[in-house]
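*Asks:* I have a structure here, written as structure tokens, and I will follow up with some questions on it.
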Amino acid sequence: MRSVNSRVTSLLSAGRTAQRWLFIHRAQIVRAIAIFVVLALTAPPHPLVVLGPPQTVTTRHPVVCAHTRLTDEVEEWKIQRTLAMVREMGAPWIVEYFPWAYVERSSGAFDWRHTDQVIEHAENQGLTVIARLGLVPEWARQRDDREPTTDTYLDEAHYADFGDYVFQFVRRYTGRVHYIIIWNEPNITLEWGYRPVDPAGYVALLKIAYARAKEADPGAQVLAGALAPTLEPVGSPFGMNDLDYLRAMYAAGAAPYFDSLALHAYGLVFPPDDPPAPDAINFRRVELLRAIMIANGDGDKPAMITESGWNDSPRWTKAVKPGARIDYTIGSYDWAETYWPWVKAVCTWAFRFPAPLHSYGDYYAFVTPEFTERPIYSAIKDWANP
Amino acid sequence: MRRWPFVVWSLIFAVVLFIVSLYLGHSEDRAWRRIQSSHVITFAVDASYPPFEALDANGNFIGFDIDLAHEIARRLGARAEFENVAYDGLLGALISDRDDAAISALVEIPERLNEVAYTKLYFNAGIVAVVSRGAVGENPNPKSQIPGLNWAEGKTIAVEYGSSSDALVRQWAKRVTGLTRLSSPSAAEAMVAVERGTAAAALVDAVSAYDFLLGHPALTIAGPPVEDELYVIAVSRQSAILLREINRALDAIETDGTMAELRVRWFGEAAR
């Protein structure tokens with residue numbers, strides 16, 4: 001009883017102390033509240049974003065395409081500005097990444113807000129969207145043995161879940177997004193959940209994705225491949241040579257399950273006219289992939305170069321001088337227009353990053369995160385605009 | 001009266017907490033403890049960026065950063081060893097406790113400050129203005145002539161086509177009247193334009209400028225860099241003592257003239 005009384009006394013004493021403290025510091029408290037109110041009232045408002053009248057792209061070179069990187073861009077005005085700059089440059093196409101993991105964070109619950117914003121603004125700028133779909137949500141990559149997995153890991157038991165995402169995406173944007181790319185660079189282990197790459201497994205995934213895309217919109221164009229150009233030897237733990245992988249895809253019966261092949265064509269230190277060879281990675285390596293398509297009866301199918309470009313970082317050994325980068329990039333569009341009637345678009349990686357990477361990757365960009373035009377942007381704009 | 005014991009106990013508790021935190025802070029600096037016991041400091045380096053770091057024909061690490069690392073190690077009573085790590089993996093080598101420090105013409109990445117700590121800057125490789133000595137007159141310290149927007153009015157400025165300098169001058173041209181941008185195929189050719197009098201200045205990166213000025217005494221660098229690129233050394237965020245000791249060493253190296261000697265050795269007199 002005495003103990004309870006003493007606790008009550010202590011509490012009352014603490015209450016009185018607090019009351020005294022508040023009374024003594026009342027002036028400071030009022031001042032702090034006033035500062036908070038002033039700061040809240042004077043904070044700059046979020047920029048008002050309105051769509052504006054629909055735009056069209058004016059260009060002399062319809063093959064020009066930019067791989068934008070709006071996936072992690074959270075400010076709507078920056079999404080709009082990026083896409084307006086792509087249009088002004090004279091590129092009628094964009095490739096953009098719409099990660100499954102961002103949209104369907106829990107099974108069956110889709111959050112399309114960001115995706116809607118990007119599609120709406122791209123459409124408003126008159127741009128044709130090629131949508132890259134991939135990145136596995138956590139709920140779809142749990143292993144039975146509870147081993148950790150990466151966000152590119154998807155086992156066959158969850159292929160149908162990815163198919164559902166493809167279906168929902170295509171259905172939602174029917175008539176607005178006509179092209180989808182299924183997965184990215186499945187021929188390297190990094191993009192295949194750090195497992196040995198598996199062309200037949202990818203074809204199984206492609207088959208499901210293709211069927212679900214067509215179910216949602218029979219007019220949807222499904223792009224497969226997007227293989228990483230690599231010379232990895234047989235048995236490499238890092239991946240499989242892209243030429244071998246494409247042959248294996250055909251051997252696994254891929255042909256009926258894609259409408260177009262997505263190609264990655266990085267030039268590294270070589271000019272765009274550097275001749276292709278199985279042991280060289282250069283821009284024209286895609287001609288070897290094209291030959292495999294033809295050999296497998298897919299000569300009538302078009303292709304899209306969904307990643308391409310040169311880098312001008314002063315400290316990357318596979319980069320070129322800034323002037324060469326400009327010449328090679330324009331040269332690559334020119335080459336595709338002149339010699340590759342089967343290529344509909346050459347999409348250069350990457351138009352702008354939302355934040356600096358602080359690495360050589362920054363030197364792929366056409367404009368800085370703050371929208372400062374790099375000279376390559378101006379050069380392509382001058383070249384492409386009438 | 002009854003409040004005194006509470007105040008006293010609170011003070012004692014605070015002092016104990018402070019001492020414990022100091023002890024923990026020091027004891028967590030595993031890199032420093034390792035250096036103290038082995039007298040070796042291991043640097044992660046991406047040896048693909050001469051003259052800062054590269055491998056010679058025999059596979060030895062050479063370059064400005066390498067010499068600086070040796071000098072720092074010497075002043076810390078240790079020997080420097082190097083591990084060749086790809087640029088994107090340099091900070092990872094610190095976080096995983098594989099190496100003690102990273103020196104590789106690194107620029108600070110603010111987003112990584114929760115994992116690593118950076119020393120003070122030791123080299124500015126930013127964009128500088130190269131002008132003819134005649135243009136800066138008899139001023140014994142041409143570095144006091146600060147080029148900028150006002151200075152650029154009515155002038156022709158040469159740049160390497162497509163470079164960061166080119167982008168910068170394009171921005172200036174929107175705000176300055178009479179500025180003419182002269183595109184050159186390389187930084188060296190931009191500086192040749194100044195030498196020939198077809199441009200008032202060339203904006204180029206500091207390392208290209210130092211290299212070119214070695215054989216062209218008629219030219220000089222005017223003012224401080226117009227755009228900075230500051231190189232720092234990185235350590236793990238747990239390495240508070242090592243960070244302090246490297247900073248002290250850098251101060252001493254700068255103060256006693258060793259840094260100037262290293263700069264001259266690798267970049268020429270203009271870098272002093």
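Scheme for the structure tokens: letters A, B, ... for chains in order shown; per-chain residue numbers from 1; ligand numbers from 1 in order shown.
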Go through chain B residue by residue and, counting only C-alpha atoms, keep those with an atom at most 6 Å from chain A; for each kept residue give the shortest atom pair and its distance in Å to one decimal, ordered by chain and increasing number, as a tab-separated table.

*Replies:*
residue	atom	partner	partner_atom	distance
B:Tyr49	CA	A:Arg315	CA	5.9
B:Tyr161	CA	A:Gly323	CA	5.2
B:Gly162	CA	A:Pro322	CA	4.7
B:Ser163	CA	A:Pro322	CA	5.4
B:Ala167	CA	A:Arg374	CA	5.5

*Asks:* Would you please give, as a PyMOL selection string, all residues of segment 7-148 of chain B that DSSP assigns to strand (DSSP E or B) based on the backbone?

*Replies:* chain B and resi 40-45+49+53-55+61-62+79-84+101-107+116-118+123-124+127-132

*Asks:* Go through A:Tyr257, A:Val74, A:Phe110, A:Ile79 one by one, measure the shortest atom-to-atom distance of each to Arg172 of chain A using only C-alpha atoms, and give the residue with the smallest value.

*Replies:*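 That would be A:Phe110, the residue with the smallest distance to Arg172 of chain A.
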
*Asks:* So that I can check the surroundings of Arg60 of chain A, please list as a list in words every protein, DNA and RNA residue that reaches within 7 Å of it, counting only C-alpha atoms and ignoring chain neighbours fewer than 4 positions away.

*Replies:* Ala384, Asn385 and Pro386 of chain A

*Asks:* Give me a file of those residues, with C-alpha atoms, as a PDB file, in the first residue's frame.

*Replies:*
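Okay, out37.pdb is ready:
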ATOM      1  CA  ALA A 384      16.963  14.927 -86.429  1.00  0.00           C
ATOM      2  CA  ASN A 385      14.867  18.082 -86.556  1.00  0.00           C
ATOM      3  CA  PRO A 386      13.714  19.351 -89.951  1.00  0.00           C
TER       4      PRO A 386
END

*Asks:* Applying 10 Å and only C-alpha atoms, which residues near segment 210-214 of chain B remain after dropping the ones on its own chain fewer than 5 positions away? List them as a VMD selection string.

*Replies:* chain B and resid 128 130 187 to 189 191 to 192 204 to 205 219 to 221 263 to 264 266 to 272

*Asks:* Identify, with DSSP run on backbone atoms, the residues in segment 3-86 of chain B assigned to alpha helix (DSSP H), and express the list as a ChimeraX atom specification.

*Replies:* /B:3-27,30-38,64-75

*Asks:* Name the residues in contact with Glu138 of chain A at a cut-off of 8 Å, using only C-alpha atoms, excluding same-chain residues fewer than 2 positions from it; report them as a list of chain:residue names.

*Replies:*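 The residues satisfying every condition are A:Ala101, A:Arg105, A:Val136, A:Ala140, A:Arg141, A:Gln142, A:Asp151.
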